[in-house]
Every structure is written in C-alpha cells, then in structure tokens.
file work_4.tsv (TSV, C-alpha atoms (C1' of nucleotides))
chain	number	residue	atom	x	y	z
A	14	MET	CA	20.38	-10.57	40.91
A	15	ILE	CA	19.94	-6.89	41.39
A	16	GLN	CA	21.24	-4.86	38.54
A	17	LYS	CA	23.23	-1.67	38.65
A	18	GLN	CA	21.20	1.41	37.71
A	19	TYR	CA	22.37	4.14	35.42
A	20	ARG	CA	20.83	7.52	35.69
A	21	THR	CA	19.27	8.74	32.49
A	22	LYS	CA	17.17	11.54	31.23
A	23	TRP	CA	14.08	9.42	30.72
A	24	LYS	CA	14.35	7.68	34.04
A	25	ASP	CA	14.46	11.09	35.69
A	26	SER	CA	11.44	12.25	33.72
A	27	ILE	CA	9.46	9.21	34.71
A	28	ILE	CA	10.31	9.50	38.38
A	29	GLU	CA	9.38	13.16	38.25
A	30	TYR	CA	6.06	12.14	36.74
A	31	LEU	CA	5.48	9.65	39.55
A	32	GLU	CA	6.17	12.24	42.18
A	33	ASN	CA	3.80	14.68	40.55
A	34	HIS	CA	1.13	12.02	40.43
A	35	ALA	CA	1.80	10.35	43.74
A	36	ASP	CA	-1.86	10.24	44.65
A	37	GLN	CA	-3.16	9.10	41.30
A	38	SER	CA	-3.00	6.00	39.21
A	39	PHE	CA	-1.83	5.98	35.64
A	40	SER	CA	-1.11	3.69	32.74
A	41	ALA	CA	2.00	3.36	30.63
A	42	ALA	CA	0.12	5.22	27.92
A	43	ASP	CA	-0.59	8.11	30.30
A	44	ILE	CA	3.10	8.62	30.99
A	45	TYR	CA	3.93	8.24	27.36
A	46	ALA	CA	1.36	10.85	26.38
A	47	ASP	CA	2.73	13.23	28.97
A	48	LEU	CA	6.39	12.81	28.11
A	49	LYS	CA	6.31	12.54	24.39
A	50	GLY	CA	5.59	16.20	24.05
A	51	GLN	CA	9.19	17.05	24.88
A	52	GLU	CA	11.78	18.00	22.28
A	53	ALA	CA	13.21	14.54	21.97
A	54	SER	CA	10.27	12.22	22.39
A	55	ILE	CA	10.27	9.29	24.77
A	56	ASN	CA	9.69	5.80	23.45
A	57	LEU	CA	6.80	3.66	24.69
A	58	THR	CA	9.12	0.71	25.17
A	59	THR	CA	11.29	2.81	27.42
A	60	VAL	CA	8.28	3.68	29.51
A	61	TYR	CA	7.37	0.03	29.90
A	62	ARG	CA	10.90	-0.97	30.78
A	63	ASN	CA	11.25	1.70	33.41
A	64	LEU	CA	7.88	0.97	34.94
A	65	GLU	CA	8.85	-2.65	35.18
A	66	LYS	CA	12.01	-1.83	37.07
A	67	LEU	CA	10.20	0.52	39.40
A	68	THR	CA	7.63	-2.17	40.07
A	69	ASP	CA	10.29	-4.75	40.77
A	70	SER	CA	12.04	-2.43	43.16
A	71	GLY	CA	8.79	-1.92	45.05
A	72	LYS	CA	8.25	1.74	44.23
A	73	LEU	CA	5.18	1.09	42.15
A	74	MET	CA	2.15	-1.06	42.47
A	75	LYS	CA	1.06	-2.61	39.17
A	76	TYR	CA	-2.47	-3.91	38.86
A	77	LYS	CA	-5.19	-4.57	36.41
A	78	ALA	CA	-8.48	-2.89	37.16
A	79	ALA	CA	-11.83	-4.56	36.74
A	80	GLY	CA	-13.01	-4.21	33.19
A	81	GLU	CA	-9.85	-2.56	31.88
A	82	GLU	CA	-7.46	-4.22	29.50
A	83	SER	CA	-4.34	-2.30	30.35
A	84	TYR	CA	-2.27	-2.17	33.50
A	85	ARG	CA	-2.38	0.72	35.91
A	86	TYR	CA	0.41	1.80	38.20
A	87	GLN	CA	0.50	3.77	41.39
A	88	TYR	CA	3.34	5.14	43.44
A	89	ILE	CA	3.48	3.45	46.82
A	90	GLU	CA	6.23	5.40	48.51
A	91	PRO	CA	4.31	6.23	51.69
A	92	TYR	CA	3.08	2.75	52.31
A	93	GLY	CA	4.95	-0.09	53.81
A	94	ASN	CA	4.08	-3.51	52.61
A	95	CYS	CA	1.33	-3.76	50.07
A	96	GLN	CA	1.22	-7.51	50.59
A	97	GLU	CA	-0.24	-7.02	54.04
A	98	HIS	CA	-3.32	-5.05	53.18
A	99	ILE	CA	-5.85	-5.02	50.42
A	100	HIS	CA	-6.66	-2.19	48.08
A	101	MET	CA	-9.69	-0.35	46.88
A	102	GLN	CA	-9.87	1.31	43.55
A	103	CYS	CA	-12.27	3.96	42.39
A	104	ARG	CA	-14.09	2.88	39.28
A	105	VAL	CA	-14.37	6.45	38.11
A	106	CYS	CA	-11.03	8.14	38.73
A	107	GLY	CA	-8.90	5.02	39.01
A	108	LYS	CA	-7.28	6.13	42.25
A	109	LEU	CA	-5.96	3.45	44.54
A	110	PHE	CA	-6.52	3.33	48.29
A	111	HIS	CA	-4.76	1.19	50.85
A	112	LEU	CA	-6.94	-0.47	53.47
A	113	GLU	CA	-4.49	-0.01	56.26
A	114	CYS	CA	-6.52	-0.13	59.40
A	115	GLY	CA	-7.66	-2.47	62.11
A	116	PHE	CA	-10.44	-3.76	59.94
A	117	MET	CA	-7.93	-5.82	57.97
A	118	LYS	CA	-7.70	-8.18	60.93
A	119	GLU	CA	-11.45	-8.55	61.10
A	120	LEU	CA	-11.62	-9.22	57.40
A	121	THR	CA	-8.90	-11.86	57.31
A	122	GLY	CA	-10.32	-13.41	60.46
A	123	HIS	CA	-13.81	-13.67	59.07
A	124	LEU	CA	-12.70	-15.12	55.75
A	125	LEU	CA	-10.53	-17.71	57.41
A	126	GLU	CA	-12.99	-18.76	60.09
A	127	HIS	CA	-16.19	-18.75	58.10
A	128	HIS	CA	-14.96	-19.52	54.61
A	129	GLY	CA	-11.65	-21.27	55.10
A	130	PHE	CA	-10.13	-18.68	52.81
A	131	VAL	CA	-6.61	-17.37	53.39
A	132	LEU	CA	-6.70	-13.79	52.20
A	133	GLU	CA	-3.66	-12.41	50.42
A	134	GLY	CA	-3.13	-8.70	49.92
A	135	GLN	CA	-1.34	-9.21	46.65
A	136	GLY	CA	-3.97	-9.18	43.95
A	137	SER	CA	-6.92	-8.33	46.17
A	138	MET	CA	-8.76	-5.33	44.89
A	139	LEU	CA	-12.13	-3.91	45.82
A	140	SER	CA	-13.91	-1.74	43.31
A	141	GLY	CA	-16.28	1.09	43.96
A	142	LEU	CA	-16.53	4.85	44.24
A	143	CYS	CA	-14.20	7.02	46.26
A	144	GLU	CA	-15.54	9.80	48.43
A	145	ARG	CA	-14.84	12.45	45.85
A	146	CYS	CA	-16.42	10.60	42.94
A	147	SER	CA	-19.48	9.42	44.83
A	148	GLY	CA	-20.08	12.92	46.15
A	149	LYS	CA	-20.60	14.37	42.72
B	18	MET	CA	-32.07	-5.49	21.70
B	19	ILE	CA	-32.22	-9.06	22.78
B	20	GLN	CA	-31.49	-11.44	20.01
B	21	LYS	CA	-33.21	-14.67	19.15
B	22	GLN	CA	-31.15	-17.74	19.99
B	23	TYR	CA	-30.75	-20.71	17.73
B	24	ARG	CA	-29.86	-24.02	19.22
B	25	THR	CA	-26.69	-25.52	17.85
B	26	LYS	CA	-24.39	-28.39	18.46
B	27	TRP	CA	-21.59	-26.27	19.85
B	28	LYS	CA	-23.83	-24.23	22.06
B	29	ASP	CA	-25.11	-27.45	23.59
B	30	SER	CA	-21.59	-28.75	24.07
B	31	ILE	CA	-20.53	-25.58	25.82
B	32	ILE	CA	-23.53	-25.54	28.12
B	33	GLU	CA	-22.88	-29.16	28.95
B	34	TYR	CA	-19.32	-28.23	29.78
B	35	LEU	CA	-20.54	-25.46	32.09
B	36	GLU	CA	-22.84	-27.79	33.92
B	37	ASN	CA	-20.10	-30.33	34.39
B	38	HIS	CA	-17.81	-27.64	35.75
B	39	ALA	CA	-20.34	-25.66	37.72
B	40	ASP	CA	-18.06	-25.38	40.73
B	41	GLN	CA	-14.89	-24.55	38.85
B	42	SER	CA	-13.57	-21.68	36.86
B	43	PHE	CA	-12.24	-22.03	33.35
B	44	SER	CA	-10.83	-20.06	30.48
B	45	ALA	CA	-11.90	-20.00	26.86
B	46	ALA	CA	-8.82	-22.09	26.14
B	47	ASP	CA	-9.92	-24.71	28.68
B	48	ILE	CA	-13.22	-25.23	26.93
B	49	TYR	CA	-11.56	-25.23	23.58
B	50	ALA	CA	-9.08	-27.86	24.69
B	51	ASP	CA	-11.88	-30.00	26.02
B	52	LEU	CA	-14.15	-29.77	23.01
B	53	LYS	CA	-11.71	-29.85	20.17
B	54	GLY	CA	-11.10	-33.52	20.71
B	55	GLN	CA	-14.45	-34.37	19.14
B	56	GLU	CA	-14.84	-35.64	15.57
B	57	ALA	CA	-15.64	-32.23	14.15
B	58	SER	CA	-13.53	-29.83	16.14
B	59	ILE	CA	-14.88	-26.67	17.69
B	60	ASN	CA	-13.45	-23.32	16.73
B	61	LEU	CA	-11.88	-21.01	19.30
B	62	THR	CA	-13.84	-18.07	17.93
B	63	THR	CA	-17.04	-19.98	18.48
B	64	VAL	CA	-16.07	-20.56	22.07
B	65	TYR	CA	-15.45	-16.89	22.60
B	66	ARG	CA	-18.70	-15.87	20.97
B	67	ASN	CA	-20.76	-18.27	23.01
B	68	LEU	CA	-19.06	-17.32	26.26
B	69	GLU	CA	-19.81	-13.71	25.48
B	70	LYS	CA	-23.48	-14.42	25.03
B	71	LEU	CA	-23.66	-16.48	28.18
B	72	THR	CA	-21.96	-13.69	30.08
B	73	ASP	CA	-24.35	-11.10	28.69
B	74	SER	CA	-27.32	-13.21	29.65
B	75	GLY	CA	-26.02	-13.46	33.19
B	76	LYS	CA	-25.26	-17.17	33.24
B	77	LEU	CA	-21.53	-16.69	33.51
B	78	MET	CA	-19.27	-14.44	35.47
B	79	LYS	CA	-16.29	-13.22	33.50
B	80	TYR	CA	-13.30	-11.88	35.36
B	81	LYS	CA	-9.62	-11.39	35.12
B	82	ALA	CA	-7.58	-12.89	37.91
B	83	ALA	CA	-4.69	-11.13	39.55
B	84	GLY	CA	-1.56	-11.74	37.58
B	85	GLU	CA	-3.21	-13.64	34.76
B	86	GLU	CA	-3.53	-12.32	31.25
B	87	SER	CA	-6.56	-14.25	30.17
B	88	TYR	CA	-10.15	-14.12	31.29
B	89	ARG	CA	-11.72	-16.76	33.46
B	90	TYR	CA	-15.37	-17.67	33.56
B	91	GLN	CA	-17.54	-19.32	36.13
B	92	TYR	CA	-21.10	-20.54	36.07
B	93	ILE	CA	-23.25	-18.53	38.41
B	94	GLU	CA	-26.54	-20.38	38.21
B	95	PRO	CA	-27.01	-20.92	41.95
B	96	TYR	CA	-26.32	-17.35	42.92
B	97	GLY	CA	-28.64	-14.45	42.69
B	98	ASN	CA	-27.13	-11.11	42.01
B	99	CYS	CA	-23.39	-11.00	41.73
B	100	GLN	CA	-23.50	-7.23	41.90
B	101	GLU	CA	-24.53	-7.40	45.53
B	102	HIS	CA	-21.66	-9.34	46.94
B	103	ILE	CA	-17.95	-9.51	46.39
B	104	HIS	CA	-15.95	-12.50	45.29
B	105	MET	CA	-12.89	-14.36	46.39
B	106	GLN	CA	-10.71	-16.22	44.04
B	107	CYS	CA	-8.20	-18.92	44.83
B	108	ARG	CA	-4.81	-18.03	43.45
B	109	VAL	CA	-3.96	-21.69	42.97
B	110	CYS	CA	-7.02	-23.39	41.50
B	111	GLY	CA	-8.77	-20.30	40.18
B	112	LYS	CA	-12.08	-21.20	41.76
B	113	LEU	CA	-14.47	-18.41	42.52
B	114	PHE	CA	-16.36	-17.99	45.82
B	115	HIS	CA	-19.27	-15.70	46.52
B	116	LEU	CA	-19.13	-13.79	49.80
B	117	GLU	CA	-22.79	-14.10	50.47
B	118	CYS	CA	-23.13	-13.69	54.18
B	119	GLY	CA	-23.86	-11.11	56.81
B	120	PHE	CA	-20.30	-9.93	56.74
B	121	MET	CA	-20.97	-8.10	53.50
B	122	LYS	CA	-22.93	-5.53	55.47
B	123	GLU	CA	-20.09	-5.06	57.92
B	124	LEU	CA	-17.65	-4.65	55.09
B	125	THR	CA	-19.64	-2.11	53.11
B	126	GLY	CA	-20.46	-0.28	56.33
B	127	HIS	CA	-16.86	-0.02	57.41
B	128	LEU	CA	-15.63	1.14	54.01
B	129	LEU	CA	-18.29	3.79	53.77
B	130	GLU	CA	-18.00	5.10	57.31
B	131	HIS	CA	-14.26	5.03	57.73
B	132	HIS	CA	-13.03	5.49	54.20
B	133	GLY	CA	-15.88	7.18	52.37
B	134	PHE	CA	-15.72	4.38	49.85
B	135	VAL	CA	-18.87	3.02	48.23
B	136	LEU	CA	-18.15	-0.65	47.61
B	137	GLU	CA	-19.46	-2.25	44.45
B	138	GLY	CA	-19.68	-5.99	43.99
B	139	GLN	CA	-19.02	-5.77	40.31
B	140	GLY	CA	-15.27	-5.94	39.84
B	141	SER	CA	-14.37	-6.53	43.47
B	142	MET	CA	-12.23	-9.57	43.87
B	143	LEU	CA	-10.21	-10.82	46.80
B	144	SER	CA	-7.32	-13.12	46.12
B	145	GLY	CA	-5.95	-15.85	48.33
B	146	LEU	CA	-6.02	-19.56	48.98
B	147	CYS	CA	-9.17	-21.64	49.26
B	148	GLU	CA	-9.55	-24.20	51.99
B	149	ARG	CA	-8.58	-27.06	49.75
B	150	CYS	CA	-5.48	-25.40	48.31
B	151	SER	CA	-4.22	-23.99	51.60
B	152	GLY	CA	-4.65	-27.35	53.27
B	153	LYS	CA	-2.15	-29.06	51.04
C	18	DT	C1'	40.77	12.34	30.59
C	19	DA	C1'	40.48	7.98	28.04
C	20	DT	C1'	38.52	3.41	28.02
C	21	DA	C1'	35.90	-0.57	28.46
C	22	DA	C1'	32.22	-2.96	30.54
C	23	DA	C1'	27.43	-2.73	31.71
C	24	DA	C1'	23.08	-0.55	31.34
C	25	DT	C1'	19.74	1.86	28.51
C	26	DT	C1'	17.54	3.17	24.40
C	27	DG	C1'	14.99	3.00	19.84
C	28	DC	C1'	12.83	0.53	16.40
C	29	DA	C1'	10.80	-3.09	14.31
C	30	DA	C1'	8.97	-7.37	14.88
C	31	DA	C1'	6.91	-10.95	17.93
C	32	DT	C1'	3.41	-12.24	21.40
C	33	DG	C1'	-0.91	-13.79	23.04
C	34	DA	C1'	-5.51	-13.28	24.10
C	35	DT	C1'	-9.47	-11.62	22.13
C	36	DT	C1'	-12.23	-9.55	18.39
C	37	DT	C1'	-13.87	-8.67	13.76
C	38	DG	C1'	-15.23	-9.05	8.72
C	39	DC	C1'	-17.25	-11.75	5.54
C	40	DA	C1'	-18.95	-15.52	3.08
C	41	DA	C1'	-20.81	-20.13	3.79
C	42	DA	C1'	-23.69	-23.11	6.62
C	43	DT	C1'	-27.45	-23.88	9.67
C	44	DG	C1'	-31.80	-23.25	12.42
C	45	DC	C1'	-36.49	-22.22	12.50
C	46	DA	C1'	-41.04	-20.10	11.82
C	47	DA	C1'	-44.59	-19.91	8.45
D	3	DT	C1'	-39.97	-25.89	1.29
D	4	DT	C1'	-38.76	-21.17	1.55
D	5	DG	C1'	-36.76	-17.04	3.33
D	6	DC	C1'	-34.56	-14.70	6.74
D	7	DA	C1'	-31.97	-14.45	11.04
D	8	DT	C1'	-28.45	-16.54	13.57
D	9	DT	C1'	-24.06	-19.22	13.78
D	10	DT	C1'	-19.98	-20.79	12.26
D	11	DG	C1'	-15.14	-21.00	10.33
D	12	DC	C1'	-11.16	-18.85	8.83
D	13	DA	C1'	-8.09	-15.44	8.17
D	14	DA	C1'	-6.86	-11.08	9.36
D	15	DA	C1'	-7.03	-7.20	12.63
D	16	DT	C1'	-6.50	-5.36	17.38
D	17	DC	C1'	-4.24	-3.85	21.44
D	18	DA	C1'	-1.35	-3.78	25.18
D	19	DT	C1'	2.89	-5.50	26.25
D	20	DT	C1'	7.34	-7.78	25.38
D	21	DT	C1'	11.53	-9.02	22.98
D	22	DG	C1'	15.76	-9.05	19.87
D	23	DC	C1'	19.40	-6.55	18.48
D	24	DA	C1'	22.34	-2.99	17.21
D	25	DA	C1'	23.48	1.71	18.50
D	26	DT	C1'	24.06	4.96	22.29
D	27	DT	C1'	24.93	6.45	26.94
D	28	DT	C1'	26.55	6.02	31.71
D	29	DT	C1'	29.91	5.17	35.06
D	30	DA	C1'	33.75	3.20	37.38
D	31	DT	C1'	38.52	3.10	37.02
D	32	DA	C1'	43.02	3.18	34.83
call {"tool": "encode", "arguments": {"input": "work_4.tsv", "output": "structure tokens"}}
result
Amino acid sequence: MIQKQYRTKWKDSIIEYLENHADQSFSAADIYADLKGQEASINLTTVYRNLEKLTDSGKLMKYKAAGEESYRYQYIEPYGNCQEHIHMQCRVCGKLFHLECGFMKELTGHLLEHHGFVLEGQGSMLSGLCERCSGK
Amino acid sequence: MIQKQYRTKWKDSIIEYLENHADQSFSAADIYADLKGQEASINLTTVYRNLEKLTDSGKLMKYKAAGEESYRYQYIEPYGNCQEHIHMQCRVCGKLFHLECGFMKELTGHLLEHHGFVLEGQGSMLSGLCERCSGK
DNA sequence: TATAAAATTGCAAATGATTTGCAAATGCAA
DNA sequence: TTGCATTTGCAAATCATTTGCAATTTTATA
C-alpha cells in the first residue's frame, strides 16, 4: 500500500539536489557528500531511504553501471515510461540517456525476429561514450 | 605480468564445470554448490580466485545482471571478441547471448548518427526473455 | 492549541557477496 | 630431491546497502 508522506528537511534537500542534477547521474554517496556539509549533517541511511522511496514512486531510475559496485540514480521527470525504452550510459561521466526514438521499434523487431529475444526496457543498458566525452 | 599456471585438482574441476555448462551462465555460488559435494570440499575463495583468473585470461565473461547483486559468469570459448558486440541476457534463466550479426552495424550507426553516442560492447547488456523462457 | 497516530530519523549492528592476509600445502623445473 | 613459485584454506576485512529499534518530527483532527 502507498504510504503517507511527511515533509521533512532532508527530503526537501534531497529533492532539491535531484532538481539541480536533473541531467546527471549520482550515487547515494554523492548526495551524502553534498549534503553532509550542512550545519546538521544528513545521515547516509536517510539518503538511502529517501532514494528508495523516490525510486518506488517512479521519480528516479536506479541502476547498476557496468563495472561499478554501487548503484547510480537519475531523475526521470521528463520521461514517460522507462520500461518502454532502453538506456545508454556514458562510461566516463555516468550520464544516462533514454533511447526514445523510432529506432526502438527496429531494435525490438530485430531481436524478436532474428533471435527470438523479447527485449525489456527495464534493466537494458548500453554502455559507451556520450557526445561530450567522446569529443574530448 | 602474466603468471605461470600450476595445474590443480580444483582448477580442473572448475574447467570441467565450465565445459559442461558452456551454454549457461552461473554464479560463483553455483559452482561452489556443485563442487562442494565431493569428498574433499572446495573452498568458496578458491572458486572466486579461479574465476578471476579465467576472466582475466578471456575464457569467461563476468557481468552483473539487472537487479541481481551477485556476478554471473559465462564461458565464451566459441566467440571471438566480446568487445565488438553487445550481449543480451535472459531475465529468467540468466543465459547470455551474443549479438553477433549484421544488426550490430545498424545499431552502432544509429546511436552515433542520431545520438552522438559511441557504443562499446564491453558493459552493454540488453535484458529480456529468451526464446525458451518467453515460450513457456 | 493540544494530542495521538503515523512517518522519519539516527545509530549501531546485520547482511551478503567478494576480497585479502598469511601460513601451510602443492606443483614443477632443474 | 630440492627450491621456489603458485595455490589453497581459513578467518578476518571490505564495501555498499539494509535493518532493528528507540527517539524525534510531522500532520490531521479534536
């Protein structure tokens, strides 16, 4: 069942962080590092618990990048349903991209017809270099 | 530097396991469970250390599946360079498939031209249902 | 405004997979 | 057979994440 939400100082801080990093990906440790500087310091457990709720409510995408041992999160406000497209992640900057274009149909079609594979957006992640990072 | 390799009982057992499961994926715990039944029982640490060496030597692919917290391994003997193609993994049985076909070129081409994204095989993993598991 | 129920927090301890240190055992070339 | 390098076993360490529980805070409502 969906739980009532109380508004708290830390929840506000975290949401503010998300909005300021809407186009980046981050880990629980990143948020913690950013928010613990404040007078009263945030607790890592609190960060995890809030990220979990935000993920459950669909505001965040939580994923594990290739080769990393900790989870990364990214704000998905502008995107509809992350189950219906796959994602690409930059190996260098960690940024997440949503493959929301007509090519998705070609991709799912090819995989199904030639490989009998039913592609699912959830958990599908391509790795590589984004335009910015490959340009350097 | 490359290290000399000594042949041992457990190394042989593990390689035998790989060959008997060449078309499946498995975790360190799977191997451990299978081999600890023997008279003298294998040690989990030994499993990990051998899998690491096999991965380094290119005989195994090591990857973390979407939503799982432990690594999976799969024998890659029959395939050339796993850096040059992406992989698909069945969410149900964990089996790994190599997307080694002409479509790879279309995929990399599309991502580069329309998204400025340089796809890398290493770390790219699509998730979904394989023919066998979706058929059921 | 006071109150009680429900949600949130902090802290320490638990998890679980994987890794590491170190001494003992084993493999192998000479 | 000897000596040295590699492997192994075991216990302890890691590391990110989760959990238990008591204390604190929020919010609806009396």
call {"tool": "interface_residues", "arguments": {"input": "work_4.tsv", "of": "chain B", "to": "chain D", "cutoff": "10 Å", "atoms": "only C-alpha atoms (C1' of nucleotides)", "output": "PyMOL selection string"}}
result
chain B and resi 20-25+27-28+59-63+66-67
call {"tool": "closest_residue", "arguments": {"input": "work_4.tsv", "among": "A:Gly71, A:Gly136, A:Gly148, A:Gly50", "to": "Arg108 in chain B", "atoms": "only C-alpha atoms"}}
result
A:Gly136
call {"tool": "closest_residue", "arguments": {"input": "work_4.tsv", "among": "A:Cys114, A:Leu67, A:Ala42, A:Cys95", "to": "chain B", "atoms": "only C-alpha atoms"}}
result
A:Cys114
call {"tool": "atom_distance", "arguments": {"input": "work_4.tsv", "atom1": "CA of Ser151 in chain B", "atom2": "CA of Lys75 in chain A"}}
result
25.3 Å
call {"tool": "atom_distance", "arguments": {"input": "work_4.tsv", "atom1": "CA of Glu123 in chain B", "atom2": "CA of Ile89 in chain A"}}
result
27.4 Å
call {"tool": "axis_aligned_box", "arguments": {"input": "work_4.tsv", "around": "range 15-26 of chain A", "padding_each_side": "4 Å", "output": "JSON"}}
result
{"center_x": 17.3, "center_y": 2.7, "center_z": 36.1, "size_x": 19.8, "size_y": 27.1, "size_z": 18.7}
call {"tool": "atom_distance", "arguments": {"input": "work_4.tsv", "atom1": "C1' of DA34 in chain C", "atom2": "CA of Phe39 in chain A"}}
result
22.8 Å
call {"tool": "closest_residue", "arguments": {"input": "work_4.tsv", "among": "B:Thr125, B:Gln100, B:Ser141, B:Gln41", "to": "chain A", "atoms": "all atoms listed in the file"}}
result
B:Ser141
